[in-house]
$ cat target-v3.cif   # mmCIF, C-alpha atoms
data_work
#
loop_
_atom_site.label_atom_id
_atom_site.label_comp_id
_atom_site.auth_asym_id
_atom_site.auth_seq_id
_atom_site.Cartn_x
_atom_site.Cartn_y
_atom_site.Cartn_z
CA MET A 1 113.64 16.70 1.17
CA GLU A 2 111.41 18.94 -0.92
CA PRO A 3 108.31 17.28 -2.37
CA LYS A 4 109.23 15.51 -5.62
CA LYS A 5 107.10 13.91 -8.27
CA VAL A 6 108.08 10.27 -8.69
CA SER A 7 107.04 7.79 -11.34
CA ARG A 8 105.91 4.20 -10.94
CA LYS A 9 109.07 3.18 -12.78
CA LEU A 10 111.18 4.79 -10.06
CA LEU A 11 109.17 2.89 -7.46
CA THR A 12 110.06 -0.32 -9.30
CA ARG A 13 113.77 0.51 -9.21
CA LEU A 14 114.06 1.68 -5.58
CA PRO A 15 113.76 -1.82 -4.05
CA ILE A 16 116.41 -3.02 -6.55
CA TYR A 17 118.79 -0.27 -5.40
CA LEU A 18 118.07 -1.14 -1.78
CA ASP A 19 118.79 -4.85 -2.34
CA TYR A 20 122.04 -3.97 -4.07
CA ILE A 21 123.20 -1.60 -1.30
CA LYS A 22 122.42 -4.22 1.34
CA SER A 23 124.27 -6.92 -0.63
CA LEU A 24 127.59 -5.00 -0.60
CA PRO A 25 130.46 -6.21 1.65
CA ASP A 26 130.25 -4.89 5.21
CA ASP A 27 133.31 -2.66 4.83
CA THR A 28 131.86 -0.67 1.92
CA MET A 29 131.27 2.80 3.32
CA ASN A 30 130.52 4.84 0.20
CA ILE A 31 128.74 4.09 -3.02
CA SER A 32 128.55 6.04 -6.29
CA ALA A 33 125.64 6.22 -8.70
CA THR A 34 128.05 5.24 -11.51
CA ASN A 35 129.20 2.04 -9.81
CA MET A 36 125.66 1.11 -8.91
CA ALA A 37 124.49 1.76 -12.49
CA HIS A 38 127.23 -0.50 -13.89
CA ALA A 39 126.57 -3.27 -11.38
CA LEU A 40 122.83 -3.26 -12.15
CA GLY A 41 123.12 -2.78 -15.92
CA LEU A 42 121.24 0.53 -15.78
CA GLY A 43 122.07 3.95 -17.25
CA ASP A 44 124.38 6.19 -15.31
CA VAL A 45 122.21 9.30 -15.65
CA LEU A 46 119.06 7.40 -14.74
CA VAL A 47 120.48 6.10 -11.46
CA ARG A 48 121.95 9.50 -10.62
CA LYS A 49 118.57 11.20 -11.13
CA ASP A 50 116.69 8.48 -9.23
CA LEU A 51 118.93 8.76 -6.19
CA ALA A 52 118.76 12.55 -6.20
CA LYS A 53 114.96 12.25 -5.94
CA VAL A 54 115.05 10.25 -2.73
CA SER A 55 118.22 11.42 -1.00
CA ASN A 56 120.17 14.64 -0.73
CA ALA A 57 123.17 12.95 0.87
CA GLY A 58 125.20 12.62 -2.36
CA ARG A 59 128.64 14.28 -2.22
CA CYS A 60 130.77 15.23 -5.21
CA LYS A 61 133.47 12.58 -5.94
CA LEU A 62 132.59 10.63 -2.74
CA GLY A 63 129.15 9.52 -3.80
CA TYR A 64 126.67 8.50 -1.11
CA ALA A 65 127.35 7.30 2.40
CA ARG A 66 126.03 3.77 2.18
CA GLU A 67 124.04 3.71 5.43
CA THR A 68 122.45 7.10 4.79
CA LEU A 69 121.38 6.18 1.27
CA ALA A 70 119.82 2.92 2.44
CA GLN A 71 118.02 4.80 5.19
CA ASP A 72 116.79 7.51 2.78
CA ILE A 73 115.37 4.92 0.37
CA GLU A 74 113.68 3.07 3.23
CA ASP A 75 112.25 6.31 4.57
CA PHE A 76 111.02 7.28 1.13
CA LEU A 77 109.29 3.92 0.69
CA ASP A 78 108.14 4.12 4.32
CA ILE A 79 109.26 0.50 4.66
CA ASN A 80 109.83 0.53 8.38
CA SER A 81 106.31 1.52 9.31
CA LEU A 82 104.86 -1.82 8.17
CA THR A 83 101.25 -1.13 7.31
CA GLY A 84 98.43 -3.62 7.62
CA ALA A 85 95.77 -4.05 4.96
CA ILE A 86 92.72 -6.27 4.56
CA ILE A 87 91.05 -7.84 1.51
CA VAL A 88 87.33 -8.07 0.92
CA GLY A 89 86.39 -10.90 -1.45
CA ALA A 90 88.11 -14.21 -0.71
CA GLY A 91 87.67 -15.81 -4.12
CA LYS A 92 90.66 -16.97 -6.17
CA LEU A 93 92.06 -13.49 -6.82
CA GLY A 94 91.51 -12.42 -3.21
CA GLN A 95 93.25 -15.52 -1.89
CA ALA A 96 96.07 -15.15 -4.41
CA LEU A 97 96.72 -11.62 -3.14
CA LEU A 98 96.29 -12.66 0.51
CA ASP A 99 99.03 -15.27 0.10
CA TYR A 100 101.27 -13.24 -2.24
CA GLY A 101 104.70 -13.09 -0.63
CA GLY A 102 106.01 -9.99 -2.38
CA PHE A 103 104.19 -7.31 -0.38
CA GLU A 104 106.00 -7.53 2.97
CA ALA A 105 109.39 -6.58 1.47
CA SER A 106 107.82 -3.26 0.53
CA GLY A 107 106.38 -2.59 3.97
CA MET A 108 102.90 -4.06 3.61
CA SER A 109 101.19 -6.94 5.27
CA ILE A 110 97.76 -8.20 4.34
CA LEU A 111 96.41 -9.35 7.65
CA ALA A 112 93.11 -11.01 6.77
CA GLY A 113 90.50 -11.67 4.13
CA PHE A 114 86.76 -11.07 4.46
CA ASP A 115 83.91 -12.60 2.52
CA GLN A 116 80.10 -12.68 2.57
CA LYS A 117 80.26 -16.45 2.67
CA PRO A 118 83.75 -17.67 3.50
CA THR A 119 84.31 -21.19 2.14
CA LYS A 120 87.21 -21.78 4.52
CA LYS A 121 88.65 -20.26 7.70
CA ARG A 122 92.22 -19.82 6.51
CA SER A 123 94.04 -19.31 3.21
CA SER A 124 96.66 -21.82 2.05
CA ALA A 125 99.34 -19.70 3.70
CA GLY A 126 97.35 -19.60 6.94
CA LYS A 127 95.94 -16.06 6.78
CA PRO A 128 92.51 -15.83 8.44
CA ILE A 129 89.36 -15.42 6.34
CA TYR A 130 86.43 -13.93 8.26
CA SER A 131 82.80 -13.22 7.51
CA MET A 132 81.90 -9.60 6.72
CA GLU A 133 80.31 -9.06 10.15
CA LYS A 134 83.79 -9.01 11.70
CA LEU A 135 85.09 -6.26 9.39
CA PRO A 136 84.31 -3.15 11.51
CA ASP A 137 85.82 -4.52 14.72
CA PHE A 138 88.87 -5.96 12.96
CA CYS A 139 89.63 -2.67 11.22
CA LYS A 140 89.27 -0.74 14.45
CA GLU A 141 91.33 -3.12 16.59
CA ASN A 142 94.15 -3.35 14.04
CA ASN A 143 94.09 0.27 12.92
CA ILE A 144 93.59 -0.81 9.29
CA ARG A 145 93.75 2.03 6.78
CA ILE A 146 94.14 0.18 3.48
CA GLY A 147 91.44 -2.04 1.97
CA ILE A 148 91.66 -4.20 -1.15
CA ILE A 149 88.49 -5.03 -3.09
CA THR A 150 88.32 -8.32 -5.01
CA VAL A 151 84.56 -8.87 -5.07
CA PRO A 152 82.48 -9.00 -8.30
CA ALA A 153 81.73 -5.63 -9.94
CA THR A 154 78.09 -5.73 -8.78
CA GLU A 155 79.16 -5.84 -5.12
CA ALA A 156 82.12 -3.48 -5.30
CA GLN A 157 80.47 -0.10 -4.55
CA LYS A 158 78.64 -1.53 -1.55
CA VAL A 159 81.88 -3.01 -0.21
CA CYS A 160 83.71 0.25 -0.90
CA ASP A 161 81.14 2.25 1.09
CA CYS A 162 81.38 -0.28 3.89
CA LEU A 163 85.20 -0.02 3.98
CA ILE A 164 84.99 3.76 4.25
CA CYS A 165 82.54 3.40 7.15
CA CYS A 166 85.14 1.18 8.83
CA GLY A 167 87.73 3.96 8.67
CA ILE A 168 89.64 2.78 5.58
CA GLU A 169 91.48 5.68 3.93
CA ALA A 170 92.98 4.03 0.84
CA ILE A 171 91.32 1.53 -1.50
CA TRP A 172 92.93 -0.77 -4.05
CA ASN A 173 90.15 -1.93 -6.33
CA PHE A 174 90.32 -4.99 -8.62
CA ALA A 175 86.61 -5.01 -9.54
CA PRO A 176 86.08 -3.82 -13.13
CA ILE A 177 83.87 -0.88 -12.18
CA HIS A 178 84.26 2.84 -11.54
CA LEU A 179 83.93 3.41 -7.80
CA VAL A 180 82.67 6.66 -6.31
CA VAL A 181 84.56 7.76 -3.18
CA PRO A 182 84.78 10.98 -1.13
CA GLU A 183 87.67 13.25 -2.09
CA LYS A 184 89.73 12.46 1.01
CA ILE A 185 89.84 8.74 0.15
CA VAL A 186 92.77 7.50 -1.99
CA LEU A 187 91.51 5.16 -4.71
CA GLN A 188 93.63 3.09 -7.07
CA SER A 189 91.95 0.78 -9.54
CA GLU A 190 93.53 -2.13 -11.37
CA ASN A 191 91.55 -2.86 -14.48
CA LEU A 192 92.91 -6.18 -15.71
CA ALA A 193 90.86 -6.14 -18.92
CA VAL A 194 92.31 -2.73 -19.80
CA SER A 195 95.86 -3.96 -19.16
CA LEU A 196 95.28 -6.90 -21.47
CA THR A 197 93.71 -4.67 -24.12
CA ALA A 198 96.75 -2.37 -23.90
CA LEU A 199 99.01 -5.38 -24.49
CA ARG A 200 96.98 -6.51 -27.50
CA LEU A 201 97.04 -3.03 -29.00
CA GLN A 202 100.82 -2.86 -28.59
CA LEU A 203 101.08 -6.16 -30.44
CA LYS A 204 98.77 -4.85 -33.15
CA ARG A 205 100.82 -1.68 -33.41
CA GLN A 206 104.01 -3.67 -33.93
CA GLN A 207 102.27 -5.28 -36.87
CA ASP A 208 100.47 -2.49 -38.61
CA GLN A 209 101.98 0.65 -37.07
CA LYS A 210 98.49 2.15 -37.04
CA ALA A 211 98.05 3.16 -33.43
CA TYR A 212 100.26 3.21 -30.43
CA ILE A 213 99.68 3.07 -26.74
CA GLU A 214 101.44 4.87 -23.97
CA ILE A 215 101.70 2.40 -21.12
CA MET B 1 92.95 7.28 -39.18
CA GLU B 2 96.43 8.66 -38.57
CA PRO B 3 98.41 7.02 -35.75
CA LYS B 4 97.44 8.59 -32.43
CA LYS B 5 98.91 8.22 -28.98
CA VAL B 6 96.28 6.94 -26.58
CA SER B 7 96.39 6.67 -22.82
CA ARG B 8 95.34 3.80 -20.59
CA LYS B 9 92.60 6.06 -19.25
CA LEU B 10 91.13 6.35 -22.74
CA LEU B 11 91.23 2.57 -23.05
CA THR B 12 89.20 2.39 -19.84
CA ARG B 13 86.56 4.75 -21.22
CA LEU B 14 86.16 3.28 -24.72
CA PRO B 15 84.26 0.15 -23.58
CA ILE B 16 81.96 2.44 -21.53
CA TYR B 17 81.22 4.53 -24.63
CA LEU B 18 80.57 1.38 -26.63
CA ASP B 19 78.16 -0.01 -24.02
CA TYR B 20 76.30 3.29 -23.99
CA ILE B 21 76.02 3.49 -27.78
CA LYS B 22 74.72 -0.06 -27.92
CA SER B 23 72.20 0.60 -25.14
CA LEU B 24 70.47 3.41 -27.09
CA PRO B 25 67.00 2.82 -28.59
CA ASP B 26 67.11 1.19 -32.05
CA ASP B 27 65.84 4.32 -33.83
CA THR B 28 68.70 6.54 -32.61
CA MET B 29 70.70 7.32 -35.73
CA ASN B 30 73.05 10.06 -34.51
CA ILE B 31 74.80 10.75 -31.28
CA SER B 32 76.67 13.81 -30.04
CA ALA B 33 79.67 13.91 -27.72
CA THR B 34 77.77 16.40 -25.54
CA ASN B 35 74.78 14.11 -25.03
CA MET B 36 77.03 11.15 -24.35
CA ALA B 37 79.07 13.17 -21.84
CA HIS B 38 75.93 14.22 -19.96
CA ALA B 39 74.49 10.71 -19.94
CA LEU B 40 77.73 9.23 -18.56
CA GLY B 41 78.55 12.03 -16.13
CA LEU B 42 81.81 12.85 -17.93
CA GLY B 43 83.23 16.14 -19.16
CA ASP B 44 82.08 17.42 -22.52
CA VAL B 45 85.59 18.26 -23.76
CA LEU B 46 86.99 14.94 -22.58
CA VAL B 47 84.44 12.87 -24.52
CA ARG B 48 84.85 15.06 -27.60
CA LYS B 49 88.63 14.57 -27.58
CA ASP B 50 88.36 10.84 -26.87
CA LEU B 51 86.01 10.24 -29.78
CA ALA B 52 88.16 12.31 -32.12
CA LYS B 53 91.06 9.98 -31.33
CA VAL B 54 89.27 6.86 -32.47
CA SER B 55 86.90 8.09 -35.18
CA ASN B 56 86.95 10.76 -37.83
CA ALA B 57 83.25 10.38 -38.59
CA GLY B 58 82.08 13.30 -36.41
CA ARG B 59 80.08 15.97 -38.28
CA CYS B 60 79.45 19.50 -37.11
CA LYS B 61 75.99 19.90 -35.48
CA LEU B 62 75.02 16.30 -36.45
CA GLY B 63 77.53 14.51 -34.22
CA TYR B 64 78.44 10.93 -35.03
CA ALA B 65 76.48 8.39 -37.05
CA ARG B 66 75.77 5.83 -34.37
CA GLU B 67 76.70 2.71 -36.34
CA THR B 68 79.91 4.21 -37.67
CA LEU B 69 81.05 5.35 -34.24
CA ALA B 70 80.39 1.93 -32.70
CA GLN B 71 82.28 0.30 -35.56
CA ASP B 72 85.22 2.71 -35.22
CA ILE B 73 85.55 2.04 -31.48
CA GLU B 74 85.35 -1.73 -32.08
CA ASP B 75 87.96 -1.49 -34.82
CA PHE B 76 90.20 0.59 -32.61
CA LEU B 77 89.94 -1.95 -29.79
CA ASP B 78 90.23 -4.73 -32.38
CA ILE B 79 87.33 -6.41 -30.59
CA ASN B 80 86.08 -8.44 -33.48
CA SER B 81 89.27 -10.34 -34.04
CA LEU B 82 88.93 -12.24 -30.77
CA THR B 83 92.45 -13.23 -29.79
CA GLY B 84 93.35 -16.33 -27.82
CA ALA B 85 95.87 -16.31 -25.01
CA ILE B 86 97.27 -18.91 -22.64
CA ILE B 87 98.46 -18.74 -19.03
CA VAL B 88 101.51 -20.49 -17.62
CA GLY B 89 101.28 -21.09 -13.88
CA ALA B 90 97.94 -22.48 -12.70
CA GLY B 91 98.19 -21.46 -9.04
CA LYS B 92 95.57 -19.19 -7.45
CA LEU B 93 96.42 -16.09 -9.47
CA GLY B 94 96.66 -18.09 -12.72
CA GLN B 95 93.29 -19.72 -12.10
CA ALA B 96 91.73 -16.40 -11.09
CA LEU B 97 92.81 -14.89 -14.42
CA LEU B 98 91.82 -18.03 -16.36
CA ASP B 99 88.28 -17.77 -15.01
CA TYR B 100 88.02 -13.95 -15.03
CA GLY B 101 84.95 -13.06 -17.06
CA GLY B 102 85.94 -9.52 -18.00
CA PHE B 103 88.40 -10.25 -20.80
CA GLU B 104 86.08 -11.53 -23.52
CA ALA B 105 84.15 -8.26 -23.76
CA SER B 106 87.40 -6.63 -24.83
CA GLY B 107 88.21 -9.18 -27.49
CA MET B 108 90.32 -11.64 -25.53
CA SER B 109 89.81 -15.23 -24.61
CA ILE B 110 92.16 -17.17 -22.34
CA LEU B 111 91.94 -20.65 -23.80
CA ALA B 112 93.94 -22.76 -21.38
CA GLY B 113 96.30 -22.86 -18.42
CA PHE B 114 99.60 -24.73 -18.24
CA ASP B 115 101.55 -25.87 -15.21
CA GLN B 116 104.60 -27.98 -14.38
CA LYS B 117 102.44 -30.08 -12.08
CA PRO B 118 98.73 -29.42 -12.70
CA THR B 119 96.71 -30.22 -9.58
CA LYS B 120 93.52 -30.51 -11.59
CA LYS B 121 92.47 -30.92 -15.22
CA ARG B 122 90.04 -28.01 -15.39
CA SER B 123 89.52 -24.66 -13.68
CA SER B 124 86.29 -23.94 -11.78
CA ALA B 125 84.87 -22.38 -14.95
CA GLY B 126 85.87 -25.44 -16.97
CA LYS B 127 88.95 -24.09 -18.79
CA PRO B 128 91.52 -26.85 -19.44
CA ILE B 129 94.77 -26.96 -17.45
CA TYR B 130 97.53 -28.91 -19.18
CA SER B 131 101.05 -29.97 -18.27
CA MET B 132 103.88 -27.93 -19.79
CA GLU B 133 104.74 -30.62 -22.34
CA LYS B 134 101.59 -29.74 -24.27
CA LEU B 135 102.47 -26.04 -24.58
CA PRO B 136 104.33 -26.05 -27.95
CA ASP B 137 101.65 -28.05 -29.80
CA PHE B 138 98.78 -26.12 -28.23
CA CYS B 139 100.29 -22.75 -29.19
CA LYS B 140 100.93 -23.93 -32.75
CA GLU B 141 97.52 -25.52 -33.27
CA ASN B 142 95.62 -22.53 -31.84
CA ASN B 143 97.84 -19.82 -33.29
CA ILE B 144 98.44 -18.38 -29.80
CA ARG B 145 100.36 -15.11 -29.78
CA ILE B 146 99.78 -13.85 -26.23
CA GLY B 147 101.14 -15.58 -23.12
CA ILE B 148 100.47 -14.71 -19.48
CA ILE B 149 103.05 -15.62 -16.84
CA THR B 150 101.83 -16.35 -13.28
CA VAL B 151 104.63 -18.62 -12.06
CA PRO B 152 106.96 -17.74 -9.14
CA ALA B 153 109.74 -15.23 -9.88
CA THR B 154 112.40 -17.96 -9.90
CA GLU B 155 110.68 -19.77 -12.78
CA ALA B 156 109.56 -16.75 -14.79
CA GLN B 157 112.54 -16.20 -17.11
CA LYS B 158 112.63 -19.89 -18.06
CA VAL B 159 108.89 -19.85 -18.81
CA CYS B 160 109.30 -16.60 -20.75
CA ASP B 161 112.04 -18.11 -22.95
CA CYS B 162 109.88 -21.17 -23.48
CA LEU B 163 106.88 -19.05 -24.53
CA ILE B 164 109.00 -17.20 -27.08
CA CYS B 165 110.21 -20.56 -28.48
CA CYS B 166 106.52 -21.49 -28.88
CA GLY B 167 105.93 -18.44 -31.08
CA ILE B 168 104.41 -16.12 -28.45
CA GLU B 169 104.81 -12.47 -29.47
CA ALA B 170 103.36 -10.64 -26.46
CA ILE B 171 103.88 -11.45 -22.79
CA TRP B 172 101.88 -10.26 -19.78
CA ASN B 173 104.04 -10.94 -16.74
CA PHE B 174 102.76 -11.11 -13.15
CA ALA B 175 105.98 -12.53 -11.65
CA PRO B 176 107.81 -9.87 -9.60
CA ILE B 177 110.99 -10.00 -11.70
CA HIS B 178 112.51 -8.10 -14.60
CA LEU B 179 112.27 -10.34 -17.68
CA VAL B 180 114.73 -10.14 -20.56
CA VAL B 181 113.08 -10.49 -23.99
CA PRO B 182 114.19 -9.86 -27.60
CA GLU B 183 113.25 -6.44 -28.94
CA LYS B 184 110.47 -7.73 -31.21
CA ILE B 185 108.58 -9.22 -28.22
CA VAL B 186 105.98 -7.01 -26.51
CA LEU B 187 106.36 -7.26 -22.73
CA GLN B 188 104.02 -5.81 -20.13
CA SER B 189 104.70 -6.42 -16.46
CA GLU B 190 102.24 -6.05 -13.60
CA ASN B 191 104.18 -5.51 -10.43
CA LEU B 192 101.57 -5.84 -7.70
CA ALA B 193 103.97 -4.87 -4.90
CA VAL B 194 104.78 -1.64 -6.73
CA SER B 195 101.08 -0.86 -7.19
CA LEU B 196 100.48 -1.34 -3.49
CA THR B 197 103.53 0.77 -2.59
CA ALA B 198 102.22 3.53 -4.87
CA LEU B 199 98.90 3.42 -3.01
CA ARG B 200 100.62 3.61 0.38
CA LEU B 201 102.74 6.54 -0.71
CA GLN B 202 99.65 8.38 -1.93
CA LEU B 203 98.08 7.85 1.48
CA LYS B 204 101.26 9.06 3.16
CA ARG B 205 101.34 12.10 0.89
CA GLN B 206 97.79 13.01 1.86
CA GLN B 207 98.98 13.06 5.44
CA ASP B 208 102.32 14.77 5.36
CA GLN B 209 102.45 16.34 1.91
CA LYS B 210 106.09 15.26 1.67
CA ALA B 211 106.17 13.35 -1.59
CA TYR B 212 103.70 12.64 -4.27
CA ILE B 213 103.34 9.93 -6.84
CA GLU B 214 102.24 10.14 -10.41
CA ILE B 215 100.12 7.08 -11.04
#
$ encode --input "target-v3.cif" --output "structure tokens"
Amino acid sequence: MEPKKVSRKLLTRLPIYLDYIKSLPDDTMNISATNMAHALGLGDVLVRKDLAKVSNAGRCKLGYARETLAQDIEDFLDINSLTGAIIVGAGKLGQALLDYGGFEASGMSILAGFDQKPTKKRSSAGKPIYSMEKLPDFCKENNIRIGIITVPATEAQKVCDCLICCGIEAIWNFAPIHLVVPEKIVLQSENLAVSLTALRLQLKRQQDQKAYIEI
Amino acid sequence: MEPKKVSRKLLTRLPIYLDYIKSLPDDTMNISATNMAHALGLGDVLVRKDLAKVSNAGRCKLGYARETLAQDIEDFLDINSLTGAIIVGAGKLGQALLDYGGFEASGMSILAGFDQKPTKKRSSAGKPIYSMEKLPDFCKENNIRIGIITVPATEAQKVCDCLICCGIEAIWNFAPIHLVVPEKIVLQSENLAVSLTALRLQLKRQQDQKAYIEI
């Protein structure tokens, strides 16, 4: 496949397509974008375009070979190379993410939490919570490349620097602060206050039609 | 102001601008986009465009009257009409959001949590957690228009319908499921698994340059 630009919305739909393909009777060999669109209540053109972005196995009139399409979606999402991540900051949000069941289906496993002062040794779901001293060894031994930051804003840059020292290459940041990272590091920030402000402004827009937000 | 399309990135910067304006010495009467850009380490053109989207009080050579600019940003963010919201689902994520300190600065206050079976009466920060039976009266008495859903996916649609019955007009959904709402309801979903997948794919892209994601 050539490199393609994909949207977050497509990423939301791909697991739905995959579930649907896997749910079909065993003797289904081919599958068309049109049938899939109807079954899922989505637009025909949308599904056709989505599938073309992740697979080039579609054949005119035949549609997609079921196995190949499933494989192409899994390859695209890199599901089969289950990646391990760690969380720094084992407060409520950190523990909520640590125990969140929805990540493994998309090829991720959060292996452990770390905290300056852990208040317990395991999360409710039994994931280990370690003190920060163990971070470098754990990352090295488990080849961890993704780190999640759920510490207060004042601690976040220090933790971020520390993660990079431990070999982390991608950071998912929940602290409401702008982090500075070297260019080679992938950084994605979730600013919850901004998300809520965007929601409020959409509500306001519905009422007074003054401003509108592109989400 | 005419209606303008604003991005989430602008929404992230506006509170930073506001903080900066408020931090200036009392005798500062005017402020230019250029000075602000330098002080905050942002691009000159970027700040100029951002400010033009939220205020039309900029004057050639003079810049912005400080008070007017602060007021325009606050009006744009609707900060002074502090809005109350409620959360349904008082598990770890629900409690983390209930006690998150970052919302009030952007004009939001989460007043209470609700749960089918509350395990405690108050969150760590002292916010009340009620049983679901109290939801309709609470929403009515406090004129609640924003509801946050942090229940498991299997419960989310039922909770969503219930919130709409209680007069909620905007829903912020953290359950990993597609919710069906009437057209007049504003719905914003946070799909954490998709965010993490997007991060992984960015990391993968850095390595093999095969696919790239638009975040």
$ residues_around --input "target-v3.cif" --residues "Ala112 of chain A" --least-positions-apart "4" --cutoff "8 Å" --atoms "only C-alpha atoms" --output "PyMOL selection string"
chain A and resi 85-87+98+127-130
$ atom_distance --input "target-v3.cif" --atom1 "atom CA of Ile79 of chain B" --atom2 "atom CA of Leu42 of chain B"
23.7 Å
$ residues_around --input "target-v3.cif" --residues "Cys160 of chain B" --least-positions-apart "5" --cutoff "9 Å" --atoms "all atoms listed in the file" --output "ChimeraX atom specification"
/B:147,149,155,165,171,173,179-181
$ write_last_selection --input "target-v3.cif" --atoms "C-alpha atoms" --output "PDB file, keeping the file's coordinate frame"
ATOM      1  CA  GLY B 147     101.140 -15.580 -23.120  1.00  0.00           C
ATOM      2  CA  ILE B 149     103.050 -15.620 -16.840  1.00  0.00           C
ATOM      3  CA  GLU B 155     110.680 -19.770 -12.780  1.00  0.00           C
ATOM      4  CA  CYS B 165     110.210 -20.560 -28.480  1.00  0.00           C
ATOM      5  CA  ILE B 171     103.880 -11.450 -22.790  1.00  0.00           C
ATOM      6  CA  ASN B 173     104.040 -10.940 -16.740  1.00  0.00           C
ATOM      7  CA  LEU B 179     112.270 -10.340 -17.680  1.00  0.00           C
ATOM      8  CA  VAL B 180     114.730 -10.140 -20.560  1.00  0.00           C
ATOM      9  CA  VAL B 181     113.080 -10.490 -23.990  1.00  0.00           C
TER      10      VAL B 181
END
$ residues_around --input "target-v3.cif" --residues "Tyr20 of chain B" --least-positions-apart "2" --cutoff "12 Å" --atoms "only C-alpha atoms" --output "VMD selection string"
chain B and resid 13 to 18 22 to 25 28 31 33 35 to 41 66 69 to 70 73
$ residues_around --input "target-v3.cif" --residues "Pro152 of chain B" --least-positions-apart "4" --cutoff "12 Å" --atoms "only C-alpha atoms" --output "mmCIF file with C-alpha atoms, in the coordinates of the input"
data_model
loop_
_atom_site.group_PDB
_atom_site.id
_atom_site.type_symbol
_atom_site.label_atom_id
_atom_site.label_comp_id
_atom_site.auth_asym_id
_atom_site.auth_seq_id
_atom_site.Cartn_x
_atom_site.Cartn_y
_atom_site.Cartn_z
ATOM 1 C CA TYR A 100 101.270 -13.240 -2.240
ATOM 2 C CA GLY A 101 104.700 -13.090 -0.630
ATOM 3 C CA GLY A 102 106.010 -9.990 -2.380
ATOM 4 C CA VAL B 88 101.510 -20.490 -17.620
ATOM 5 C CA GLY B 89 101.280 -21.090 -13.880
ATOM 6 C CA ALA B 90 97.940 -22.480 -12.700
ATOM 7 C CA GLY B 91 98.190 -21.460 -9.040
ATOM 8 C CA LYS B 92 95.570 -19.190 -7.450
ATOM 9 C CA LEU B 93 96.420 -16.090 -9.470
ATOM 10 C CA GLY B 94 96.660 -18.090 -12.720
ATOM 11 C CA ASP B 115 101.550 -25.870 -15.210
ATOM 12 C CA GLN B 116 104.600 -27.980 -14.380
ATOM 13 C CA ALA B 156 109.560 -16.750 -14.790
ATOM 14 C CA GLN B 157 112.540 -16.200 -17.110
ATOM 15 C CA LYS B 158 112.630 -19.890 -18.060
ATOM 16 C CA VAL B 159 108.890 -19.850 -18.810
ATOM 17 C CA CYS B 160 109.300 -16.600 -20.750
ATOM 18 C CA ASN B 173 104.040 -10.940 -16.740
ATOM 19 C CA PHE B 174 102.760 -11.110 -13.150
ATOM 20 C CA ALA B 175 105.980 -12.530 -11.650
ATOM 21 C CA PRO B 176 107.810 -9.870 -9.600
ATOM 22 C CA ILE B 177 110.990 -10.000 -11.700
#
$ closest_residue --input "target-v3.cif" --among "B:Ala65, B:Glu133, B:Arg205, B:Val6" --to "chain A" --atoms "only C-alpha atoms"
B:Val6
$ atom_distance --input "target-v3.cif" --atom1 "atom CA of Phe76 of chain A" --atom2 "atom CA of Val54 of chain A"
6.3 Å
$ atom_distance --input "target-v3.cif" --atom1 "atom CA of Gly84 of chain A" --atom2 "atom CA of Ile164 of chain A"
15.7 Å
$ closest_residue --input "target-v3.cif" --among "B:Glu141, B:Asp99, B:Asp50, B:Asp161" --to "chain A" --atoms "all atoms listed in the file"
B:Asp99
$ resolve_selection --input "target-v3.cif" --expression "the PyMOL selection byres ((chain A and resi 167) around 8)" --output "list in words"
Cys139, Lys140, Ile144, Arg145, Leu163, Ile164, Cys165, Cys166, Ile168 and Glu169 of chain A
$ closest_residue --input "target-v3.cif" --among "A:Lys49, A:Arg8, A:Arg122, A:Lys61" --to "Gln202 of chain B" --atoms "all atoms listed in the file"
A:Arg8
$ closest_residue --input "target-v3.cif" --among "A:Ser106, A:Thr119, A:Thr34, A:Ser124" --to "Leu192 of chain B" --atoms "only C-alpha atoms"
A:Ser106
